[in-house]
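Scroll down for the structure; my scribbles are underneath it.
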Amino acid sequence: MKSFTTSISFLVVLFFVQSCLPEDNAVAPSNNGAGSIQQVDMGRDYDYRLFYSLGSQEIVGAFPSYSWDLAFDCSAEGFQVRVNSAKVMRIGRTQTGTKFAEVADTNSVEWYYDPADTASITGIGKWYMLEENEPVSVGNVYVVDRGYNGRGRHTGYSKIQLLGYGENGYSIQVSDLEGGEIEQFQVLKDPQFNFVGVSFDSTDVVQQIEPEKYSWDIVFARYTHVFFEPVFTAYAVTGVLANPLGTCTALDTTRAFEDITFATAQQSSFECRPDALGFEWKYYDLDQGEYIVFPELQYVVKTWEDYYYKMRFVDFYNESGKKGAPKFEVSRLVQ
């Protein structure tokens, strides 16, 4: 069985980070009054996930949005396996006891998505049982709808089975639905990160898909949102997600941006959902054919370090008029 660790070129990532940084020079954050204006650019088709530090007011990691399929939990006591929601991926659960070789199509599977509003539920679900605090696979087989790339092209189907966990790594096997070669490999946890990733196009390299977990607070990302009205629809949206270490957000529409202070922030009702900042600070105007931003939607972000920031969005287009470039005002709140 193969065993691989995270691998990525620092120089390549540095190039992407520098190319996505705003041209404006950051203004020192203040306790009251206006904050500094920042802008990030995700690319024409939201090609990059941009990880942002509110403390340093800079992008600390830029990673391709569509280059991987599965993400594996690296926390000490976590064993989640998540899909790449930028691609609107979904998981087809087969019946318990189904053999890997028996799964050859998408018939008779129940489809599930990774919900964006919680970090505790996934499409794959609990693939294991704990025995003496160690995860033991229940042997379920899953069909993976690999979703769509940035150009809207469907990238196919695969089937996977989590074989087990041991020696700080996940054992997994994957194959095409049509009965192609079965690849077995191991994904090692790396405690520097929340998750590491795997692409079914190249299972011989485990990808770094985010920066070190203590270096960032929020990520500008393409992700899947499930709408339940008027009909159930899974749709790719572009917004802001929180570091699962404990970044929380509160919405404040009762005060002027200048009047939000450290004292008012402490009185806020925070939500620690991953998508609490989300995407609804903008909407698409069908008549005008463009995104409209709501600057009156003001947010207070409490980071996992217990620092407070106020933040609001003012634009979604870069200087060339291309979408996918959120511009926002941000300021740290201090006593």
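Ligands are numbered from 1 in the order shown, chains are lettered A, B, ... in the order of the structure tokens, and residues start at 1 in each chain.
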Using only C-alpha atoms, what table do you get, as a Markdown table, when you list each residue of region 187-229 of chain A with an atom no more than 12 Å from region 107-113 of chain A, its nearest pair of atoms, and their distance in Å rounded to one decimal, rows by chain then rising number?
```
| residue | atom | partner | partner_atom | distance |
| --- | --- | --- | --- | --- |
| A:Tyr223 | CA | A:Tyr113 | CA | 11.1 |
| A:Thr224 | CA | A:Tyr113 | CA | 8.2 |
| A:His225 | CA | A:Tyr113 | CA | 9.1 |
| A:Val226 | CA | A:Tyr113 | CA | 8.2 |
| A:Phe227 | CA | A:Tyr113 | CA | 11.7 |
```
Writing out the chosen residues with C-alpha atoms as a short mmCIF file (atom, residue, chain, number, x, y, z; two decimals), in the first residue's frame:
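And here is the file that came out, result_6.cif:
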```
data_model
loop_
_atom_site.label_atom_id
_atom_site.label_comp_id
_atom_site.auth_asym_id
_atom_site.auth_seq_id
_atom_site.Cartn_x
_atom_site.Cartn_y
_atom_site.Cartn_z
CA TYR A 223 -18.71 26.40 -2.20
CA THR A 224 -22.00 24.50 -2.37
CA HIS A 225 -25.13 25.95 -0.80
CA VAL A 226 -28.33 23.92 -0.67
CA PHE A 227 -31.53 25.87 -1.30
#
```
Within 9 Å of Gly139 (chain A) using only C-alpha atoms, minus same-chain residues under 6 positions, as number ranges by chain: A: 96-99, 127-128, 161-164
How would the residues just chosen look if you wrote them out with N, CA and C atoms as a PDB file, in the first residue's frame?
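Output file selection_0.pdb follows:
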```pdb
ATOM      1  N   THR A  96     -25.790  -0.819   3.158  1.00  0.00           N
ATOM      2  CA  THR A  96     -24.812  -1.483   4.011  1.00  0.00           C
ATOM      3  C   THR A  96     -24.611  -2.925   3.545  1.00  0.00           C
ATOM      4  N   GLY A  97     -23.361  -3.326   3.453  1.00  0.00           N
ATOM      5  CA  GLY A  97     -23.050  -4.686   3.018  1.00  0.00           C
ATOM      6  C   GLY A  97     -22.752  -4.810   1.542  1.00  0.00           C
ATOM      7  N   THR A  98     -22.947  -3.733   0.778  1.00  0.00           N
ATOM      8  CA  THR A  98     -22.639  -3.775  -0.650  1.00  0.00           C
ATOM      9  C   THR A  98     -21.138  -3.947  -0.862  1.00  0.00           C
ATOM     10  N   LYS A  99     -20.774  -4.842  -1.762  1.00  0.00           N
ATOM     11  CA  LYS A  99     -19.366  -5.087  -2.066  1.00  0.00           C
ATOM     12  C   LYS A  99     -18.850  -4.043  -3.054  1.00  0.00           C
ATOM     13  N   TRP A 127     -18.151   7.019   8.680  1.00  0.00           N
ATOM     14  CA  TRP A 127     -17.728   5.819   7.945  1.00  0.00           C
ATOM     15  C   TRP A 127     -17.107   4.771   8.860  1.00  0.00           C
ATOM     16  N   TYR A 128     -17.086   5.046  10.154  1.00  0.00           N
ATOM     17  CA  TYR A 128     -16.378   4.184  11.099  1.00  0.00           C
ATOM     18  C   TYR A 128     -17.172   4.043  12.397  1.00  0.00           C
ATOM     19  N   GLN A 161     -14.011   3.498  -1.015  1.00  0.00           N
ATOM     20  CA  GLN A 161     -14.272   2.775   0.224  1.00  0.00           C
ATOM     21  C   GLN A 161     -13.167   3.122   1.210  1.00  0.00           C
ATOM     22  N   LEU A 162     -13.568   3.567   2.393  1.00  0.00           N
ATOM     23  CA  LEU A 162     -12.617   3.810   3.471  1.00  0.00           C
ATOM     24  C   LEU A 162     -12.324   2.482   4.138  1.00  0.00           C
ATOM     25  N   LEU A 163     -11.098   2.020   3.974  1.00  0.00           N
ATOM     26  CA  LEU A 163     -10.738   0.692   4.457  1.00  0.00           C
ATOM     27  C   LEU A 163     -10.408   0.673   5.942  1.00  0.00           C
ATOM     28  N   GLY A 164      -9.933   1.808   6.455  1.00  0.00           N
ATOM     29  CA  GLY A 164      -9.589   1.837   7.867  1.00  0.00           C
ATOM     30  C   GLY A 164      -8.692   3.001   8.196  1.00  0.00           C
TER      31      GLY A 164
END
```
Sort by chain and increasing residue number a table of all residues of region 54-130 of chain A within 10 Å of region 230-235 of chain A, each with its closest pair of atoms and their distance in Å to one decimal, counting only C-alpha atoms, and write it as JSON lines.
```
{"residue": "A:Ser85", "atom": "CA", "partner": "A:Tyr235", "partner_atom": "CA", "distance": 9.7}
{"residue": "A:Ala86", "atom": "CA", "partner": "A:Tyr235", "partner_atom": "CA", "distance": 9.6}
{"residue": "A:Lys87", "atom": "CA", "partner": "A:Tyr235", "partner_atom": "CA", "distance": 9.5}
{"residue": "A:Val88", "atom": "CA", "partner": "A:Tyr235", "partner_atom": "CA", "distance": 6.8}
{"residue": "A:Met89", "atom": "CA", "partner": "A:Ala234", "partner_atom": "CA", "distance": 9.4}
{"residue": "A:Arg90", "atom": "CA", "partner": "A:Ala234", "partner_atom": "CA", "distance": 9.4}
{"residue": "A:Tyr113", "atom": "CA", "partner": "A:Ala234", "partner_atom": "CA", "distance": 8.1}
{"residue": "A:Pro115", "atom": "CA", "partner": "A:Ala234", "partner_atom": "CA", "distance": 9.7}
```
Non-local contacts of region 277-290 of chain A (7 Å; only C-alpha atoms; under 2 positions in same chain excluded) as a ChimeraX atom specification: /A:237-241,249,275,292-294,297,313
Those residues with N, CA and C atoms, as a PDB file, in the first residue's frame please?
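Wrote again08.pdb, looks like this:
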```
ATOM      1  N   VAL A 237     -22.031  28.805  -4.880  1.00  0.00           N
ATOM      2  CA  VAL A 237     -22.061  30.220  -4.528  1.00  0.00           C
ATOM      3  C   VAL A 237     -20.637  30.670  -4.202  1.00  0.00           C
ATOM      4  N   THR A 238     -20.434  31.969  -4.167  1.00  0.00           N
ATOM      5  CA  THR A 238     -19.139  32.527  -3.830  1.00  0.00           C
ATOM      6  C   THR A 238     -19.289  33.410  -2.607  1.00  0.00           C
ATOM      7  N   GLY A 239     -18.522  33.100  -1.572  1.00  0.00           N
ATOM      8  CA  GLY A 239     -18.652  33.851  -0.340  1.00  0.00           C
ATOM      9  C   GLY A 239     -17.440  33.676   0.550  1.00  0.00           C
ATOM     10  N   VAL A 240     -17.689  33.734   1.856  1.00  0.00           N
ATOM     11  CA  VAL A 240     -16.618  33.693   2.841  1.00  0.00           C
ATOM     12  C   VAL A 240     -16.947  32.632   3.885  1.00  0.00           C
ATOM     13  N   LEU A 241     -15.978  31.751   4.140  1.00  0.00           N
ATOM     14  CA  LEU A 241     -16.125  30.709   5.151  1.00  0.00           C
ATOM     15  C   LEU A 241     -15.119  30.951   6.269  1.00  0.00           C
ATOM     16  N   THR A 249     -19.085  34.764  13.789  1.00  0.00           N
ATOM     17  CA  THR A 249     -19.530  35.990  13.133  1.00  0.00           C
ATOM     18  C   THR A 249     -20.874  36.441  13.677  1.00  0.00           C
ATOM     19  N   ASP A 275     -20.405  29.067   7.500  1.00  0.00           N
ATOM     20  CA  ASP A 275     -20.868  30.023   6.496  1.00  0.00           C
ATOM     21  C   ASP A 275     -21.593  31.214   7.106  1.00  0.00           C
ATOM     22  N   ILE A 292     -24.827  42.998  -7.001  1.00  0.00           N
ATOM     23  CA  ILE A 292     -25.011  44.197  -6.194  1.00  0.00           C
ATOM     24  C   ILE A 292     -24.627  43.839  -4.755  1.00  0.00           C
ATOM     25  N   VAL A 293     -23.811  44.672  -4.147  1.00  0.00           N
ATOM     26  CA  VAL A 293     -23.332  44.437  -2.786  1.00  0.00           C
ATOM     27  C   VAL A 293     -24.136  45.282  -1.808  1.00  0.00           C
ATOM     28  N   PHE A 294     -24.376  44.727  -0.619  1.00  0.00           N
ATOM     29  CA  PHE A 294     -25.090  45.433   0.439  1.00  0.00           C
ATOM     30  C   PHE A 294     -24.098  45.935   1.494  1.00  0.00           C
ATOM     31  N   LEU A 297     -24.908  45.711   5.326  1.00  0.00           N
ATOM     32  CA  LEU A 297     -24.756  44.477   6.093  1.00  0.00           C
ATOM     33  C   LEU A 297     -23.359  44.470   6.698  1.00  0.00           C
ATOM     34  N   PHE A 313     -18.737  44.651   3.121  1.00  0.00           N
ATOM     35  CA  PHE A 313     -18.345  44.517   1.717  1.00  0.00           C
ATOM     36  C   PHE A 313     -18.843  45.721   0.928  1.00  0.00           C
TER      37      PHE A 313
END
```
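Interatomic distance, CA of Lys323 (chain A) against CA of Ala116 (chain A): 22.2 Å.
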Coordinates-based distance that separates CA of Asp114 (chain A) from CA of Gly166 (chain A) (Å, one decimal):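 CA of Asp114 (chain A) lies at a distance of 24.9 Å from CA of Gly166 (chain A).
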Counting only C-alpha atoms, the residue of A:Thr247, A:Gln80, A:Ser65, A:Thr106 that sits nearest Tyr170 (chain A):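 Closest to Tyr170 (chain A) of all the choices is A:Gln80.
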Would you list, as a compact mmCIF listing (two decimals) with C-alpha atoms, in the first residue's frame, the residues of region 27-216 of chain A that end up in helix (DSSP H, G or I) under DSSP run on this structure's backbone?
```txt
# COMPACT_ATOMS: atom_id res chain seq x y z
CA SER A 85 -17.80 21.74 -2.41
CA ALA A 86 -16.41 24.25 -4.95
CA LYS A 87 -17.25 21.59 -7.55
CA PHE A 100 -16.95 -2.73 -3.81
CA ALA A 101 -17.03 -4.75 -7.04
CA GLU A 102 -20.83 -4.69 -7.12
```
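Checking A:Arg312, A:Ser158, A:Ser331, A:Glu167 one by one against Glu181 (chain A), counting only C-alpha atoms, you find the shortest gap at A:Ser158.
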Show me a table, sorted first by chain and then by increasing residue number, of the residues of region 204-271 of chain A having an atom at most 10 Å from region 55-64 of chain A, each with its shortest atom pair and the distance in Å to one decimal, counting only C-alpha atoms and written as CSV.
```
residue,atom,partner,partner_atom,distance
A:Gln208,CA,A:Phe63,CA,8.3
A:Ile209,CA,A:Phe63,CA,6.0
A:Glu210,CA,A:Phe63,CA,6.6
A:Pro211,CA,A:Gly61,CA,5.5
A:Glu212,CA,A:Gly61,CA,8.9
A:Ser215,CA,A:Val60,CA,7.1
A:Trp216,CA,A:Val60,CA,6.8
A:Asp217,CA,A:Gly55,CA,8.5
A:Ile218,CA,A:Ile59,CA,9.7
A:Val219,CA,A:Ile59,CA,9.0
A:Phe220,CA,A:Ala62,CA,9.6
A:Ala221,CA,A:Phe63,CA,10.0
```
All residues 6 Å or closer to Lys327 (chain A), only C-alpha atoms, same chain fewer than 5 positions away omitted, as JSON, numbers by chain: {"A": [38, 39, 313, 314, 315]}
Strand (DSSP E or B) call set, DSSP backbone run, region 33-116 of chain A, as an MDAnalysis selection string: chainID A and resid 36:39 48:53 58:64 70:73 81:83 90:93 110:112
Pick from A:Arg49, A:Met42, A:Ser36, A:Trp304, whichever lies nearest to Ala325 (chain A) using only C-alpha atoms: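 Among A:Arg49, A:Met42, A:Ser36, A:Trp304, it is A:Met42 that comes nearest to Ala325 (chain A).
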Between CA of Pro274 (chain A) and CA of Ala256 (chain A) - distance in Å to one decimal: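 Computing the Euclidean distance for CA of Ala256 (chain A) and CA of Pro274 (chain A) yields 25.5 Å.
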